[in-house]
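*Asks:* File name data.txt; file contents compact mmCIF, N, CA, C and O atoms; full text below.
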```
# COMPACT_ATOMS: atom_id res chain seq x y z
N ASP A 1 36.51 100.57 179.15
CA ASP A 1 36.51 101.81 179.88
C ASP A 1 37.77 102.60 179.55
O ASP A 1 38.83 102.03 179.36
N LEU A 2 37.64 103.90 179.50
CA LEU A 2 38.76 104.79 179.27
C LEU A 2 38.90 105.68 180.48
O LEU A 2 37.94 106.34 180.91
N LEU A 3 40.08 105.72 181.05
CA LEU A 3 40.37 106.55 182.21
C LEU A 3 41.33 107.65 181.79
O LEU A 3 42.37 107.37 181.18
N GLN A 4 40.98 108.90 182.07
CA GLN A 4 41.85 110.02 181.74
C GLN A 4 42.32 110.65 183.05
O GLN A 4 41.51 111.01 183.89
N LEU A 5 43.62 110.76 183.19
CA LEU A 5 44.20 111.39 184.37
C LEU A 5 44.78 112.74 183.98
O LEU A 5 45.46 112.86 182.96
N SER A 6 44.49 113.76 184.76
CA SER A 6 45.03 115.09 184.52
C SER A 6 45.51 115.65 185.84
O SER A 6 44.76 115.63 186.83
N PRO A 7 46.72 116.18 185.89
CA PRO A 7 47.23 116.69 187.17
C PRO A 7 46.53 117.98 187.58
O PRO A 7 46.15 118.79 186.76
N VAL A 8 46.37 118.15 188.88
CA VAL A 8 45.92 119.42 189.44
C VAL A 8 47.18 120.27 189.56
O VAL A 8 48.13 119.90 190.25
N LEU A 9 47.18 121.41 188.86
CA LEU A 9 48.36 122.27 188.85
C LEU A 9 48.51 122.99 190.18
O LEU A 9 47.60 123.00 191.01
N GLU A 10 49.66 123.61 190.39
CA GLU A 10 49.95 124.22 191.69
C GLU A 10 48.98 125.33 192.09
O GLU A 10 48.81 125.61 193.26
N ASN A 11 48.28 125.93 191.12
CA ASN A 11 47.29 126.96 191.45
C ASN A 11 45.87 126.37 191.54
O ASN A 11 44.91 127.11 191.68
N GLY A 12 45.73 125.05 191.45
CA GLY A 12 44.43 124.39 191.59
C GLY A 12 43.70 124.12 190.29
O GLY A 12 42.72 123.42 190.27
N TRP A 13 44.19 124.69 189.18
CA TRP A 13 43.55 124.49 187.88
C TRP A 13 43.91 123.12 187.32
O TRP A 13 44.94 122.54 187.64
N VAL A 14 43.04 122.63 186.40
CA VAL A 14 43.28 121.38 185.68
C VAL A 14 43.06 121.67 184.20
O VAL A 14 42.03 122.22 183.81
N PHE A 15 44.03 121.30 183.35
CA PHE A 15 43.86 121.46 181.90
C PHE A 15 43.51 120.10 181.30
O PHE A 15 44.29 119.16 181.38
N LEU A 16 42.30 120.00 180.72
CA LEU A 16 41.84 118.74 180.13
C LEU A 16 42.12 118.66 178.64
O LEU A 16 42.12 117.58 178.07
N GLY A 17 42.31 119.81 177.97
CA GLY A 17 42.67 119.82 176.56
C GLY A 17 41.49 119.63 175.63
O GLY A 17 40.38 120.07 175.89
N ASP A 18 41.74 118.94 174.51
CA ASP A 18 40.75 118.68 173.47
C ASP A 18 40.09 117.34 173.76
O ASP A 18 40.63 116.28 173.45
N LEU A 19 38.91 117.37 174.36
CA LEU A 19 38.25 116.15 174.82
C LEU A 19 37.67 115.30 173.70
O LEU A 19 37.18 114.20 173.95
N THR A 20 37.75 115.77 172.45
CA THR A 20 37.30 114.95 171.32
C THR A 20 38.38 113.99 170.85
O THR A 20 38.13 113.16 169.98
N LYS A 21 39.56 114.09 171.40
CA LYS A 21 40.70 113.26 170.99
C LYS A 21 41.02 112.21 172.04
O LYS A 21 40.85 112.43 173.24
N TYR A 22 41.52 111.08 171.58
CA TYR A 22 41.93 110.00 172.48
C TYR A 22 43.04 110.48 173.42
O TYR A 22 43.04 110.20 174.60
N VAL A 23 44.01 111.20 172.87
CA VAL A 23 45.07 111.84 173.67
C VAL A 23 44.71 113.32 173.70
O VAL A 23 45.00 114.05 172.77
N SER A 24 44.07 113.76 174.78
CA SER A 24 43.49 115.10 174.81
C SER A 24 44.50 116.23 175.00
O SER A 24 44.22 117.38 174.68
N VAL A 25 45.69 115.91 175.50
CA VAL A 25 46.75 116.91 175.67
C VAL A 25 48.02 116.36 175.03
O VAL A 25 49.00 116.04 175.70
N SER A 26 47.99 116.24 173.72
CA SER A 26 49.11 115.71 172.95
C SER A 26 50.23 116.74 172.83
O SER A 26 49.97 117.93 172.67
N GLY A 27 51.46 116.28 172.88
CA GLY A 27 52.60 117.16 172.67
C GLY A 27 52.65 117.74 171.27
O GLY A 27 53.26 118.78 171.04
N LYS A 28 51.98 117.09 170.31
CA LYS A 28 51.90 117.64 168.94
C LYS A 28 50.92 118.80 168.87
O LYS A 28 51.06 119.68 168.05
N ARG A 29 49.90 118.80 169.71
CA ARG A 29 48.89 119.85 169.71
C ARG A 29 49.26 121.00 170.65
O ARG A 29 49.02 122.15 170.37
N PHE A 30 49.86 120.66 171.79
CA PHE A 30 50.17 121.66 172.82
C PHE A 30 51.67 121.66 173.11
O PHE A 30 52.21 120.65 173.54
N SER A 31 52.32 122.79 172.88
CA SER A 31 53.76 122.86 173.13
C SER A 31 54.07 123.46 174.50
O SER A 31 55.19 123.35 174.97
N GLU A 32 53.06 124.08 175.14
CA GLU A 32 53.30 124.68 176.46
C GLU A 32 52.00 124.79 177.24
O GLU A 32 50.96 125.15 176.69
N VAL A 33 52.07 124.45 178.51
CA VAL A 33 50.99 124.72 179.47
C VAL A 33 51.65 125.45 180.62
O VAL A 33 52.51 124.91 181.29
N ARG A 34 51.26 126.73 180.82
CA ARG A 34 51.92 127.57 181.82
C ARG A 34 50.92 128.00 182.89
O ARG A 34 49.82 128.44 182.58
N VAL A 35 51.33 127.88 184.13
CA VAL A 35 50.51 128.32 185.28
C VAL A 35 50.72 129.81 185.47
O VAL A 35 51.84 130.31 185.44
N THR A 36 49.61 130.55 185.66
CA THR A 36 49.68 131.98 185.96
C THR A 36 48.98 132.22 187.31
O THR A 36 48.38 131.31 187.86
N SER A 37 49.04 133.45 187.77
CA SER A 37 48.38 133.76 189.04
C SER A 37 46.86 133.71 188.93
O SER A 37 46.16 133.51 189.92
N THR A 38 46.32 133.86 187.71
CA THR A 38 44.87 133.88 187.52
C THR A 38 44.33 132.65 186.79
O THR A 38 43.13 132.56 186.58
N GLY A 39 45.20 131.73 186.39
CA GLY A 39 44.72 130.55 185.65
C GLY A 39 45.84 129.82 184.96
O GLY A 39 46.89 129.58 185.55
N ILE A 40 45.61 129.50 183.68
CA ILE A 40 46.62 128.83 182.87
C ILE A 40 46.62 129.41 181.47
O ILE A 40 45.61 129.93 180.99
N VAL A 41 47.77 129.33 180.82
CA VAL A 41 47.93 129.74 179.43
C VAL A 41 48.51 128.54 178.70
O VAL A 41 49.48 127.94 179.17
N VAL A 42 47.91 128.19 177.55
CA VAL A 42 48.42 127.07 176.76
C VAL A 42 48.79 127.57 175.36
O VAL A 42 48.14 128.46 174.82
N GLU A 43 49.84 127.00 174.82
CA GLU A 43 50.20 127.26 173.43
C GLU A 43 49.74 126.06 172.62
O GLU A 43 50.12 124.93 172.89
N THR A 44 48.88 126.32 171.63
CA THR A 44 48.31 125.25 170.83
C THR A 44 48.59 125.46 169.35
O THR A 44 48.78 126.58 168.90
N HIS A 45 48.63 124.35 168.63
CA HIS A 45 48.92 124.37 167.20
C HIS A 45 47.77 123.70 166.45
O HIS A 45 47.18 122.75 166.95
N GLY A 46 47.46 124.20 165.26
CA GLY A 46 46.40 123.62 164.46
C GLY A 46 46.64 123.87 162.99
O GLY A 46 47.55 124.59 162.60
N LEU A 47 45.78 123.28 162.19
CA LEU A 47 45.84 123.43 160.74
C LEU A 47 44.95 124.57 160.29
O LEU A 47 43.99 124.94 160.99
N GLN A 48 45.24 125.11 159.13
CA GLN A 48 44.43 126.19 158.58
C GLN A 48 42.97 125.75 158.49
O GLN A 48 42.66 124.64 158.07
N ASN A 49 42.06 126.62 158.92
CA ASN A 49 40.60 126.41 158.93
C ASN A 49 40.13 125.34 159.90
O ASN A 49 38.99 124.91 159.83
N GLU A 50 40.97 124.92 160.81
CA GLU A 50 40.59 123.94 161.82
C GLU A 50 40.03 124.66 163.04
O GLU A 50 40.48 125.74 163.39
N SER A 51 39.02 124.07 163.67
CA SER A 51 38.48 124.57 164.93
C SER A 51 38.58 123.48 165.98
O SER A 51 38.32 122.31 165.69
N ILE A 52 38.98 123.87 167.18
CA ILE A 52 39.05 122.92 168.29
C ILE A 52 38.41 123.56 169.52
O ILE A 52 38.35 124.78 169.64
N GLN A 53 37.92 122.73 170.40
CA GLN A 53 37.37 123.21 171.66
C GLN A 53 38.24 122.69 172.79
O GLN A 53 38.49 121.49 172.88
N LEU A 54 38.72 123.60 173.62
CA LEU A 54 39.60 123.26 174.73
C LEU A 54 38.84 123.38 176.05
O LEU A 54 37.97 124.24 176.19
N THR A 55 39.20 122.53 177.00
CA THR A 55 38.51 122.49 178.28
C THR A 55 39.50 122.56 179.43
O THR A 55 40.56 121.92 179.38
N ALA A 56 39.14 123.34 180.45
CA ALA A 56 39.93 123.43 181.68
C ALA A 56 38.97 123.47 182.86
O ALA A 56 37.78 123.77 182.69
N LEU A 57 39.48 123.14 184.03
CA LEU A 57 38.69 123.21 185.26
C LEU A 57 39.29 124.27 186.17
O LEU A 57 40.49 124.25 186.45
N ARG A 58 38.44 125.20 186.62
CA ARG A 58 38.87 126.25 187.54
C ARG A 58 38.39 125.90 188.94
O ARG A 58 37.21 125.58 189.13
N PRO A 59 39.27 125.93 189.95
CA PRO A 59 38.82 125.61 191.31
C PRO A 59 37.82 126.67 191.80
O PRO A 59 38.03 127.85 191.61
N MET A 60 36.74 126.20 192.42
CA MET A 60 35.69 127.12 192.88
C MET A 60 35.54 127.13 194.39
O MET A 60 35.48 128.17 195.00
N VAL A 61 35.42 125.97 195.01
CA VAL A 61 35.18 125.88 196.44
C VAL A 61 36.35 125.15 197.08
O VAL A 61 36.66 124.02 196.72
N VAL A 62 37.03 125.83 198.00
CA VAL A 62 38.16 125.24 198.70
C VAL A 62 37.79 125.15 200.18
O VAL A 62 37.35 126.12 200.78
N ASN A 63 37.95 123.96 200.75
CA ASN A 63 37.61 123.72 202.15
C ASN A 63 38.84 123.14 202.84
O ASN A 63 39.28 122.04 202.50
N SER A 64 39.41 123.88 203.77
CA SER A 64 40.59 123.44 204.51
C SER A 64 41.75 123.08 203.58
O SER A 64 42.43 122.08 203.77
N GLY A 65 41.94 123.88 202.53
CA GLY A 65 43.04 123.66 201.61
C GLY A 65 42.77 122.58 200.57
O GLY A 65 43.62 122.29 199.75
N ARG A 66 41.60 121.98 200.58
CA ARG A 66 41.24 120.92 199.64
C ARG A 66 40.17 121.43 198.68
O ARG A 66 39.15 121.98 199.10
N ILE A 67 40.37 121.22 197.37
CA ILE A 67 39.41 121.68 196.37
C ILE A 67 38.20 120.75 196.39
O ILE A 67 38.34 119.53 196.28
N MET A 68 37.02 121.34 196.52
CA MET A 68 35.78 120.56 196.60
C MET A 68 34.96 120.63 195.30
O MET A 68 34.20 119.73 195.02
N GLU A 69 35.09 121.72 194.54
CA GLU A 69 34.34 121.89 193.30
C GLU A 69 35.17 122.63 192.26
O GLU A 69 36.01 123.45 192.62
N TRP A 70 34.90 122.32 190.98
CA TRP A 70 35.53 123.04 189.87
C TRP A 70 34.44 123.58 188.96
O TRP A 70 33.37 123.01 188.85
N MET A 71 34.76 124.67 188.25
CA MET A 71 33.91 125.18 187.17
C MET A 71 34.53 124.73 185.86
O MET A 71 35.75 124.87 185.66
N VAL A 72 33.72 124.19 184.95
CA VAL A 72 34.20 123.75 183.65
C VAL A 72 34.23 124.96 182.72
O VAL A 72 33.22 125.64 182.54
N LEU A 73 35.39 125.24 182.14
CA LEU A 73 35.56 126.34 181.20
C LEU A 73 35.92 125.77 179.84
O LEU A 73 36.77 124.87 179.74
N GLN A 74 35.30 126.29 178.79
CA GLN A 74 35.60 125.83 177.43
C GLN A 74 35.88 127.03 176.55
O GLN A 74 35.21 128.06 176.68
N LYS A 75 36.85 126.88 175.68
CA LYS A 75 37.19 127.92 174.70
C LYS A 75 37.31 127.26 173.35
O LYS A 75 37.90 126.19 173.21
N THR A 76 36.74 127.91 172.33
CA THR A 76 36.83 127.43 170.96
C THR A 76 37.90 128.25 170.24
O THR A 76 37.88 129.48 170.29
N VAL A 77 38.81 127.56 169.59
CA VAL A 77 39.88 128.21 168.83
C VAL A 77 39.68 127.85 167.37
O VAL A 77 39.54 126.68 167.02
N HIS A 78 39.65 128.86 166.50
CA HIS A 78 39.58 128.64 165.06
C HIS A 78 40.89 129.14 164.45
O HIS A 78 41.26 130.29 164.63
N PHE A 79 41.57 128.27 163.75
CA PHE A 79 42.85 128.60 163.12
C PHE A 79 42.60 129.05 161.69
O PHE A 79 42.28 128.24 160.83
N GLU A 80 42.72 130.34 161.44
CA GLU A 80 42.61 130.83 160.06
C GLU A 80 43.89 130.55 159.29
O GLU A 80 43.88 130.47 158.08
N SER A 81 45.00 130.40 160.02
CA SER A 81 46.27 129.98 159.44
C SER A 81 46.81 128.89 160.35
O SER A 81 46.20 128.54 161.35
N SER A 82 47.95 128.36 160.02
CA SER A 82 48.49 127.24 160.81
C SER A 82 49.56 127.69 161.80
O SER A 82 50.48 126.96 162.10
N LYS A 83 49.43 128.90 162.34
CA LYS A 83 50.41 129.37 163.32
C LYS A 83 49.97 129.01 164.74
O LYS A 83 48.81 128.72 164.99
N ALA A 84 50.91 129.04 165.66
CA ALA A 84 50.63 128.71 167.06
C ALA A 84 49.81 129.83 167.71
O ALA A 84 49.93 131.00 167.35
N VAL A 85 48.98 129.45 168.69
CA VAL A 85 48.10 130.39 169.38
C VAL A 85 48.25 130.18 170.88
O VAL A 85 48.34 129.05 171.35
N PHE A 86 48.27 131.29 171.62
CA PHE A 86 48.25 131.22 173.08
C PHE A 86 46.81 131.42 173.54
O PHE A 86 46.15 132.38 173.13
N VAL A 87 46.31 130.53 174.39
CA VAL A 87 44.95 130.60 174.91
C VAL A 87 45.05 130.79 176.43
O VAL A 87 45.67 129.99 177.12
N ASN A 88 44.41 131.87 176.93
CA ASN A 88 44.45 132.20 178.35
C ASN A 88 43.13 131.79 178.98
O ASN A 88 42.08 132.32 178.63
N PHE A 89 43.17 130.86 179.92
CA PHE A 89 41.97 130.41 180.60
C PHE A 89 41.66 131.20 181.86
O PHE A 89 40.70 130.91 182.53
N GLY A 90 42.46 132.20 182.19
CA GLY A 90 42.21 132.95 183.41
C GLY A 90 41.41 134.21 183.21
O GLY A 90 41.02 134.85 184.16
N GLU A 91 41.12 134.58 181.97
CA GLU A 91 40.53 135.90 181.73
C GLU A 91 39.01 135.91 181.61
O GLU A 91 38.38 136.89 181.91
N ALA A 92 38.40 134.83 181.15
CA ALA A 92 36.94 134.82 180.98
C ALA A 92 36.41 133.40 181.05
O ALA A 92 37.15 132.44 180.86
N LYS A 93 35.12 133.25 181.33
CA LYS A 93 34.51 131.93 181.45
C LYS A 93 34.49 131.21 180.11
O LYS A 93 34.81 130.05 180.00
N THR A 94 34.03 131.88 179.07
CA THR A 94 33.91 131.28 177.76
C THR A 94 34.30 132.30 176.71
O THR A 94 33.95 133.46 176.83
N SER A 95 35.01 131.87 175.70
CA SER A 95 35.32 132.79 174.62
C SER A 95 35.57 132.03 173.33
O SER A 95 35.81 130.83 173.35
N HIS A 96 35.48 132.74 172.24
CA HIS A 96 35.79 132.20 170.92
C HIS A 96 36.97 132.98 170.39
O HIS A 96 36.97 134.20 170.41
N ILE A 97 38.00 132.28 169.94
CA ILE A 97 39.23 132.92 169.52
C ILE A 97 39.46 132.60 168.06
O ILE A 97 39.38 131.44 167.65
N GLN A 98 39.70 133.62 167.24
CA GLN A 98 40.05 133.41 165.84
C GLN A 98 41.42 134.00 165.60
O GLN A 98 41.71 135.09 166.06
N VAL A 99 42.25 133.24 164.88
CA VAL A 99 43.58 133.73 164.54
C VAL A 99 43.87 133.42 163.09
O VAL A 99 43.26 132.60 162.49
```
Would you mind giving the structure from this file in structure tokens?
*Replies:*
Amino acid sequence: DLLQLSPVLENGWVFLGDLTKYVSVSGKRFSEVRVTSTGIVVETHGLQNESIQLTALRPMVVNSGRIMEWMVLQKTVHFESSKAVFVNFGEAKTSHIQV
């Protein structure tokens, strides 16, 4: 069995990262995870022509200050070059990003 633990951030969001990897939020892949008022922003790194799919959980139903449900959000990032990319999970449910 594999157990993955991810912290619930102060705004209720959870960043799960690249779920195809054993270490889904590696420090080599992600140099920053920042909490915003509308979600989270992550800085990710990749190789030229690489595509990755990132996953986050957005809090949906809060009951007495406790989160009861999350919406799963996924974004696909395609690296046309090997530069770092900022991905904002607060702006849309699903998107495809090319850089």
*Asks:* Select, counting only C-alpha atoms, all protein, DNA and RNA residues no farther than 7 Å from (38.2, 125.5, 164.4) in file coordinates, and express the selection as a compact mmCIF listing (two decimals) with N, CA, C and O atoms, in the coordinates of the input.
*Replies:*
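What follows is the written file out_10.txt:
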```txt
# COMPACT_ATOMS: atom_id res chain seq x y z
N ASN A 49 42.06 126.62 158.92
CA ASN A 49 40.60 126.41 158.93
C ASN A 49 40.13 125.34 159.90
O ASN A 49 38.99 124.91 159.83
N GLU A 50 40.97 124.92 160.81
CA GLU A 50 40.59 123.94 161.82
C GLU A 50 40.03 124.66 163.04
O GLU A 50 40.48 125.74 163.39
N SER A 51 39.02 124.07 163.67
CA SER A 51 38.48 124.57 164.93
C SER A 51 38.58 123.48 165.98
O SER A 51 38.32 122.31 165.69
N ILE A 52 38.98 123.87 167.18
CA ILE A 52 39.05 122.92 168.29
C ILE A 52 38.41 123.56 169.52
O ILE A 52 38.35 124.78 169.64
N THR A 76 36.74 127.91 172.33
CA THR A 76 36.83 127.43 170.96
C THR A 76 37.90 128.25 170.24
O THR A 76 37.88 129.48 170.29
N VAL A 77 38.81 127.56 169.59
CA VAL A 77 39.88 128.21 168.83
C VAL A 77 39.68 127.85 167.37
O VAL A 77 39.54 126.68 167.02
N HIS A 78 39.65 128.86 166.50
CA HIS A 78 39.58 128.64 165.06
C HIS A 78 40.89 129.14 164.45
O HIS A 78 41.26 130.29 164.63
N PHE A 79 41.57 128.27 163.75
CA PHE A 79 42.85 128.60 163.12
C PHE A 79 42.60 129.05 161.69
O PHE A 79 42.28 128.24 160.83
```
*Asks:* May I have the protein, DNA and RNA residues with any atom at most 8 Å from the point (37.4, 121.1, 183.8), counting only C-alpha atoms, written as a PyMOL selection string?
*Replies:* chain A and resi 14-16+55-58+70-73
*Asks:* Go ahead and compute the interatomic distance for atom CA of A:Lys75 and atom CA of A:Leu2, in Å to one decimal.
*Replies:*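 Here the two named atoms are 23.6 Å from each other.
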*Asks:* Could you tell me how far atom CA of A:Phe30 lies from atom CA of A:Val42, in Å and to one decimal?
*Replies:* 6.9 Å
*Asks:* Tell me, as a list of chain:residue names, which residues lie within 8 Å of A:Ser37, counting only N, CA, C and O atoms; anything in the same chain fewer than 2 positions away does not count.
*Replies:*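 Once the nearby chain positions are removed, what remains is A:Asn11, A:Arg34, A:Val35, A:Gly39, A:Ile40, A:Gly90.
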*Asks:* Calculate how many Å separate atom CA of A:Arg29 from atom C of A:Asp1, rounding to one decimal.
*Replies:*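 Interatomic distance, atom CA of A:Arg29 to atom C of A:Asp1: 22.8 Å.
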